[in-house]
>>> print(open('work.txt').read())   # compact mmCIF, C-alpha atoms
# COMPACT_ATOMS: atom_id res chain seq x y z
CA MET A 115 0.00 0.00 0.00
CA ASN A 116 2.97 2.32 0.59
CA ALA A 117 4.20 1.71 -2.96
CA LEU A 118 0.73 2.34 -4.34
CA ALA A 119 0.54 5.63 -2.44
CA ARG A 120 3.90 6.69 -3.86
CA GLU A 121 2.94 5.67 -7.38
CA TYR A 122 -0.24 7.73 -7.42
CA ALA A 123 0.75 10.68 -5.22
CA ALA A 124 1.67 12.79 -8.24
CA ARG A 125 -1.53 11.83 -10.03
CA GLY A 126 -3.99 13.46 -7.65
CA VAL A 127 -4.49 10.49 -5.34
CA GLY A 128 -3.89 10.97 -1.62
CA SER A 129 -3.40 8.16 0.85
CA ILE A 130 -3.55 7.88 4.62
CA PHE A 131 -3.54 5.19 7.30
CA LEU A 132 -6.26 5.62 9.92
CA TYR A 133 -5.31 4.08 13.27
CA THR A 134 -8.26 2.36 14.93
CA HIS A 135 -8.01 -0.10 17.84
CA GLU A 136 -5.89 -3.13 18.60
CA ALA A 137 -7.56 -6.01 16.80
CA HIS A 138 -5.33 -8.56 18.54
CA PRO A 139 -4.20 -7.07 21.84
CA GLY A 140 -1.22 -8.79 23.41
CA GLU A 141 1.42 -8.35 26.07
CA HIS A 142 3.48 -5.96 23.92
CA PHE A 143 0.56 -4.06 22.37
CA PRO A 144 -2.36 -4.27 24.81
CA HIS A 145 -5.82 -2.82 24.34
CA LEU A 146 -5.97 0.97 24.19
CA GLU A 147 -6.84 3.09 27.21
CA SER A 148 -5.69 6.56 26.15
CA MET A 149 -4.92 8.65 23.08
CA GLU A 150 -1.30 8.90 24.22
CA GLN A 151 -1.02 5.12 24.13
CA LYS A 152 -2.76 5.07 20.75
CA ALA A 153 -0.17 7.52 19.42
CA ARG A 154 2.67 5.32 20.72
CA HIS A 155 1.23 2.27 19.00
CA ALA A 156 0.80 4.27 15.79
CA GLU A 157 4.45 5.31 15.99
CA ALA A 158 5.36 1.62 16.17
CA LEU A 159 3.25 1.02 13.07
CA ARG A 160 5.34 3.68 11.35
CA ASP A 161 8.74 2.72 12.76
CA VAL A 162 8.47 -1.07 13.03
CA LEU A 163 6.11 -1.99 10.22
CA GLY A 164 7.27 0.84 7.96
CA VAL A 165 4.03 2.60 7.11
CA THR A 166 5.20 5.69 5.23
CA ARG A 167 1.79 7.19 4.55
CA PRO A 168 0.48 9.88 6.89
CA ILE A 169 -1.01 8.21 9.96
CA LEU A 170 -4.10 9.74 11.54
CA LEU A 171 -5.76 8.63 14.77
CA ASP A 172 -9.43 7.93 15.16
CA ALA A 173 -11.08 8.92 18.47
CA LEU A 174 -10.48 6.54 21.36
CA ASP A 175 -14.06 5.29 21.10
CA GLY A 176 -13.59 4.54 17.39
CA ALA A 177 -16.39 6.84 16.26
CA CYS A 178 -15.23 6.88 12.65
CA HIS A 179 -14.15 3.24 12.55
CA ARG A 180 -17.43 2.02 14.05
CA THR A 181 -19.53 4.02 11.60
CA TYR A 182 -17.59 2.65 8.64
CA GLY A 183 -18.10 -0.98 9.66
CA THR A 184 -15.37 -1.71 12.27
CA MET A 185 -13.52 -4.18 10.08
CA PRO A 186 -9.92 -4.60 11.27
CA ASN A 187 -8.17 -3.75 8.01
CA MET A 188 -10.54 -2.27 5.45
CA THR A 189 -9.89 0.28 2.73
CA TRP A 190 -12.12 3.02 1.41
CA ILE A 191 -11.55 5.43 -1.49
CA PHE A 192 -13.22 8.83 -1.34
CA ALA A 193 -13.73 11.34 -4.12
CA ARG A 194 -12.92 14.95 -3.29
CA SER A 195 -16.64 15.60 -2.86
CA GLY A 196 -16.74 13.24 0.12
CA ILE A 197 -18.48 10.48 -1.79
CA PRO A 198 -17.04 7.01 -1.25
CA VAL A 199 -16.42 5.30 -4.59
CA TYR A 200 -14.82 2.07 -3.33
CA LYS A 201 -14.99 0.14 -0.09
CA SER A 202 -13.39 -3.17 0.72
CA ASP A 203 -13.81 -5.14 3.93
CA TRP A 204 -10.19 -6.22 3.69
CA THR A 205 -7.17 -4.35 2.37
CA ASP A 206 -5.53 -5.84 -0.68
CA ALA A 207 -3.09 -3.69 -2.61
CA ARG A 208 -3.93 -5.34 -5.94
CA SER A 209 -7.62 -4.65 -5.49
CA VAL A 210 -7.01 -1.04 -4.44
CA ALA A 211 -4.56 -0.51 -7.31
CA ASN A 212 -7.10 -1.85 -9.76
CA ALA A 213 -9.75 0.54 -8.43
CA VAL A 214 -7.46 3.57 -8.35
CA ALA A 215 -6.32 2.96 -11.92
CA TYR A 216 -9.95 2.85 -12.97
CA PHE A 217 -10.84 6.11 -11.20
CA VAL A 218 -7.81 7.91 -12.61
CA GLU A 219 -8.94 6.78 -16.04
CA VAL A 220 -12.45 8.08 -15.30
CA ARG A 221 -10.91 11.47 -14.55
CA GLU A 222 -9.15 11.43 -17.94
CA ARG A 223 -12.36 10.45 -19.71
CA ARG A 224 -14.15 13.37 -18.05
CA ARG A 225 -11.38 15.70 -19.16
CA GLY A 226 -11.94 14.38 -22.65
CA ARG A 227 -15.54 15.63 -22.41
CA GLU A 228 -16.99 12.12 -22.24
CA ARG A 229 -20.39 12.22 -20.54
CA LEU A 230 -20.32 9.79 -17.63
CA VAL A 231 -22.95 8.71 -15.13
CA PRO A 232 -22.30 6.50 -12.08
CA PHE A 233 -23.68 3.02 -11.54
CA GLN A 234 -23.34 0.44 -8.76
CA VAL A 235 -21.22 -2.67 -9.17
CA GLU A 236 -20.46 -5.51 -6.76
CA ARG A 237 -17.41 -7.69 -7.19
CA LEU A 238 -15.70 -10.45 -5.24
CA ASP A 239 -11.94 -9.89 -5.12
CA TYR A 240 -9.26 -12.32 -3.96
CA ARG A 241 -6.29 -11.81 -1.69
CA THR A 242 -3.34 -13.96 -0.74
CA SER A 243 -3.86 -15.88 2.50
CA ASP A 244 -0.51 -15.54 4.28
CA GLN A 245 -0.96 -17.60 7.44
CA GLU A 246 2.74 -17.52 8.32
CA GLY A 247 2.89 -13.75 8.02
CA PHE A 248 -0.34 -13.35 9.92
CA TYR A 249 0.91 -15.40 12.87
CA ALA A 250 4.17 -13.47 12.83
CA GLY A 251 2.08 -10.31 13.22
CA LEU A 252 0.18 -11.83 16.13
CA ALA A 253 3.49 -12.77 17.77
CA ARG A 254 4.64 -9.15 17.55
CA SER A 255 1.66 -8.26 19.72
CA GLY A 256 2.54 -11.03 22.17
CA PRO A 257 1.86 -14.73 22.94
CA LYS A 258 -1.59 -13.83 24.31
CA ALA A 259 -2.66 -12.64 20.85
CA VAL A 260 -1.56 -15.94 19.31
CA THR A 261 -3.34 -18.01 21.95
CA GLU A 262 -6.56 -16.04 21.67
CA PHE A 263 -6.64 -16.25 17.89
CA ARG A 264 -6.15 -20.01 18.00
CA ALA A 265 -8.95 -20.32 20.56
CA PHE A 266 -11.20 -18.10 18.44
CA ASN A 267 -10.88 -20.51 15.51
CA GLU A 268 -11.39 -23.74 17.46
CA MET B 895 -18.29 9.21 26.53
CA PRO B 896 -19.58 6.02 28.20
CA ASP B 897 -16.80 4.00 29.79
CA ASP B 898 -18.41 0.74 28.71
CA LEU B 899 -18.24 1.80 25.06
CA LEU B 900 -14.53 2.57 25.40
CA ALA B 901 -13.94 -0.79 27.07
CA ARG B 902 -16.06 -2.76 24.61
CA TYR B 903 -14.54 -1.12 21.52
CA ASN B 904 -11.02 -1.39 22.93
CA TYR B 905 -11.53 -4.97 24.02
CA ALA B 906 -8.74 -6.56 26.05
CA GLU B 907 -9.32 -10.09 24.77
CA PHE B 908 -9.94 -11.38 21.25
CA THR B 909 -12.99 -13.63 21.57
CA LYS B 910 -16.14 -14.21 19.54
CA THR B 911 -18.12 -12.29 22.15
CA THR B 912 -15.88 -9.24 22.14
CA VAL B 913 -15.12 -9.07 18.41
CA LEU B 914 -17.97 -10.33 16.26
CA PRO B 915 -20.65 -7.79 17.30
CA TRP B 916 -18.45 -4.99 15.93
CA LEU B 917 -17.97 -6.39 12.43
CA ARG B 918 -20.80 -4.59 10.62
CA PHE B 919 -19.46 -3.81 7.17
CA ASP B 920 -22.94 -4.56 5.87
CA ARG B 921 -24.20 -1.50 7.75
CA SER B 922 -21.44 0.82 6.58
CA PRO B 923 -22.22 3.95 4.54
CA PRO B 924 -23.23 3.28 0.94
CA LEU B 925 -21.15 4.19 -2.07
CA GLY B 926 -22.31 7.16 -4.08
CA GLN B 927 -23.65 9.22 -1.18
CA ARG B 928 -21.89 11.84 0.88
CA ALA B 929 -20.06 10.03 3.67
CA PRO B 930 -20.17 10.82 7.41
CA ASP B 931 -17.48 13.15 8.69
CA PHE B 932 -15.51 12.67 11.92
CA PRO B 933 -12.73 14.38 13.85
CA LEU B 934 -9.33 12.73 13.48
CA TRP B 935 -5.91 13.53 14.88
CA HIS B 936 -2.57 13.78 13.11
CA LEU B 937 0.09 11.62 14.73
CA GLY B 938 1.86 14.06 17.02
CA GLY B 939 -0.10 16.91 15.58
CA PRO B 940 -3.34 18.84 15.55
CA GLU B 941 -6.94 17.77 15.18
CA THR B 942 -8.36 17.56 11.69
CA ARG B 943 -11.43 16.00 10.11
CA LEU B 944 -12.05 13.21 7.64
CA ARG B 945 -13.55 15.76 5.24
CA GLU B 946 -10.27 17.68 5.31
CA VAL B 947 -8.53 14.48 4.28
CA TRP B 948 -10.84 13.65 1.39
CA SER B 949 -10.92 17.29 0.24
CA ALA B 950 -7.16 17.40 -0.21
CA SER B 951 -6.98 15.20 -3.32
CA GLU B 952 -9.10 14.22 -6.25
CA TYR B 953 -9.24 10.74 -4.75
CA THR B 954 -8.07 9.61 -1.31
CA ILE B 955 -7.27 6.07 -0.19
CA VAL B 956 -8.04 5.50 3.51
CA GLU B 957 -6.71 2.27 5.02
CA PHE B 958 -8.12 1.47 8.47
CA GLY B 959 -6.05 -0.65 10.81
CA SER B 960 -3.61 -0.89 13.69
CA PHE B 961 -0.31 -2.44 14.71
CA THR B 962 -2.05 -5.66 15.64
>>> encode(input="work.txt", output="structure tokens")
Amino acid sequence: MNALAREYAARGVGSIFLYTHEAHPGEHFPHLESMEQKARHAEALRDVLGVTRPILLDALDGACHRTYGTMPNMTWIFARSGIPVYKSDWTDARSVANAVAYFVEVRERRRGRERLVPFQVERLDYRTSDQEGFYAGLARSGPKAVTEFRAFNE
Amino acid sequence: MPDDLLARYNYAEFTKTTVLPWLRFDRSPPLGQRAPDFPLWHLGGPETRLREVWSASEYTIVEFGSFT
């Protein structure tokens, strides 16, 4: 997602990471109790996991996150007017790249005076299931996060 | 702000009871209609709003998530 943000930054596409809550709280990254703690965890996201996009914090009660569906790692694309044009219940860079390329092309078609009207489309996209990487992420949070996720799936 | 909301949203344990009730993507705002606006905070910086974010570019990608 960082590479995608860099690729499209000069083409009128902004990109941010919105920090929500700890989906898998563990010994090293426990559940959030303050905005100061949330900021520290977000700094780890930047410094340890290498998120280079601007990171913004949601309110401690997750007001924005909860309204948008509370999925742990979703992606939305907004037009400048504040209208969402893409929403995905899981973040997949290929899916987002495909959507962004389409919307950039729409902008070019509009500039070419093509008359366009919106329509709704639903689509099922596919992402790589990286179990090893996922469990490595849980371990970064702490053994408790690994244990709880295993118990969740039993 | 109700303390129980803070505690329930920022759950301390990942269980079906604490997690599943929150996952309501099916009730999220629809595409094609003006989206709800919320206050947000820059990391180490001032308060802003989601509308300020989406107004800054022709299109804006917003990834939701956390360290864990």
>>> closest_residue(input="work.txt", among="A:Ala117, A:Ala137, A:Ala265, A:Leu171", to="Phe961 in chain B", atoms="all atoms listed in the file")
A:Ala137
>>> interface_residues(input="work.txt", of="chain B", to="chain A", cutoff="7 Å", atoms="only C-alpha atoms", output="VMD selection string")
chain B and resid 899 to 900 903 to 910 916 to 919 921 to 923 925 to 929 932 934 to 937 945 948 to 962
>>> closest_residue(input="work.txt", among="A:Gly247, A:Asp239, A:Leu230, A:Gln151", to="Ala213 in chain A", atoms="only C-alpha atoms")
A:Asp239
>>> atom_distance(input="work.txt", atom1="CA of Arg120 in chain A", atom2="CA of Ala211 in chain A")
11.6 Å
>>> atom_distance(input="work.txt", atom1="CA of Pro940 in chain B", atom2="CA of Gly164 in chain A")
22.2 Å
>>> atom_distance(input="work.txt", atom1="CA of Pro930 in chain B", atom2="CA of Leu944 in chain B")
8.5 Å
>>> build_atoms(input="work.txt", residues="range 947-962 of chain B", atoms="N, CA and C atoms", output="PDB file, in the frame of the given file")
ATOM      1  N   VAL B 947      -9.366  15.488   4.943  1.00  0.00           N
ATOM      2  CA  VAL B 947      -8.530  14.480   4.280  1.00  0.00           C
ATOM      3  C   VAL B 947      -9.042  14.233   2.863  1.00  0.00           C
ATOM      4  N   TRP B 948     -10.342  13.994   2.734  1.00  0.00           N
ATOM      5  CA  TRP B 948     -10.840  13.650   1.390  1.00  0.00           C
ATOM      6  C   TRP B 948     -10.875  14.872   0.473  1.00  0.00           C
ATOM      7  N   SER B 949     -10.888  16.070   1.059  1.00  0.00           N
ATOM      8  CA  SER B 949     -10.920  17.290   0.240  1.00  0.00           C
ATOM      9  C   SER B 949      -9.552  17.643  -0.332  1.00  0.00           C
ATOM     10  N   ALA B 950      -8.519  17.003   0.153  1.00  0.00           N
ATOM     11  CA  ALA B 950      -7.160  17.400  -0.210  1.00  0.00           C
ATOM     12  C   ALA B 950      -6.714  16.852  -1.561  1.00  0.00           C
ATOM     13  N   SER B 951      -7.397  15.835  -2.063  1.00  0.00           N
ATOM     14  CA  SER B 951      -6.980  15.200  -3.320  1.00  0.00           C
ATOM     15  C   SER B 951      -8.209  14.845  -4.134  1.00  0.00           C
ATOM     16  N   GLU B 952      -7.966  14.602  -5.408  1.00  0.00           N
ATOM     17  CA  GLU B 952      -9.100  14.220  -6.250  1.00  0.00           C
ATOM     18  C   GLU B 952      -9.697  12.886  -5.774  1.00  0.00           C
ATOM     19  N   TYR B 953      -8.828  11.980  -5.401  1.00  0.00           N
ATOM     20  CA  TYR B 953      -9.240  10.740  -4.750  1.00  0.00           C
ATOM     21  C   TYR B 953      -8.328  10.502  -3.549  1.00  0.00           C
ATOM     22  N   THR B 954      -8.878   9.886  -2.498  1.00  0.00           N
ATOM     23  CA  THR B 954      -8.070   9.610  -1.310  1.00  0.00           C
ATOM     24  C   THR B 954      -8.319   8.169  -0.867  1.00  0.00           C
ATOM     25  N   ILE B 955      -7.221   7.445  -0.696  1.00  0.00           N
ATOM     26  CA  ILE B 955      -7.270   6.070  -0.190  1.00  0.00           C
ATOM     27  C   ILE B 955      -7.137   6.129   1.327  1.00  0.00           C
ATOM     28  N   VAL B 956      -8.086   5.532   2.041  1.00  0.00           N
ATOM     29  CA  VAL B 956      -8.040   5.500   3.510  1.00  0.00           C
ATOM     30  C   VAL B 956      -7.997   4.033   3.930  1.00  0.00           C
ATOM     31  N   GLU B 957      -6.851   3.629   4.468  1.00  0.00           N
ATOM     32  CA  GLU B 957      -6.710   2.270   5.020  1.00  0.00           C
ATOM     33  C   GLU B 957      -6.929   2.345   6.522  1.00  0.00           C
ATOM     34  N   PHE B 958      -7.859   1.561   7.024  1.00  0.00           N
ATOM     35  CA  PHE B 958      -8.120   1.470   8.470  1.00  0.00           C
ATOM     36  C   PHE B 958      -7.324   0.294   9.035  1.00  0.00           C
ATOM     37  N   GLY B 959      -6.741   0.476  10.202  1.00  0.00           N
ATOM     38  CA  GLY B 959      -6.050  -0.650  10.810  1.00  0.00           C
ATOM     39  C   GLY B 959      -5.280  -0.239  12.045  1.00  0.00           C
ATOM     40  N   SER B 960      -4.409  -1.149  12.492  1.00  0.00           N
ATOM     41  CA  SER B 960      -3.610  -0.890  13.690  1.00  0.00           C
ATOM     42  C   SER B 960      -2.351  -1.747  13.637  1.00  0.00           C
ATOM     43  N   PHE B 961      -1.530  -1.640  14.651  1.00  0.00           N
ATOM     44  CA  PHE B 961      -0.310  -2.440  14.710  1.00  0.00           C
ATOM     45  C   PHE B 961      -0.636  -3.923  14.750  1.00  0.00           C
ATOM     46  N   THR B 962      -1.733  -4.244  15.440  1.00  0.00           N
ATOM     47  CA  THR B 962      -2.050  -5.660  15.640  1.00  0.00           C
ATOM     48  C   THR B 962      -3.121  -6.134  14.685  1.00  0.00           C
TER      49      THR B 962
END
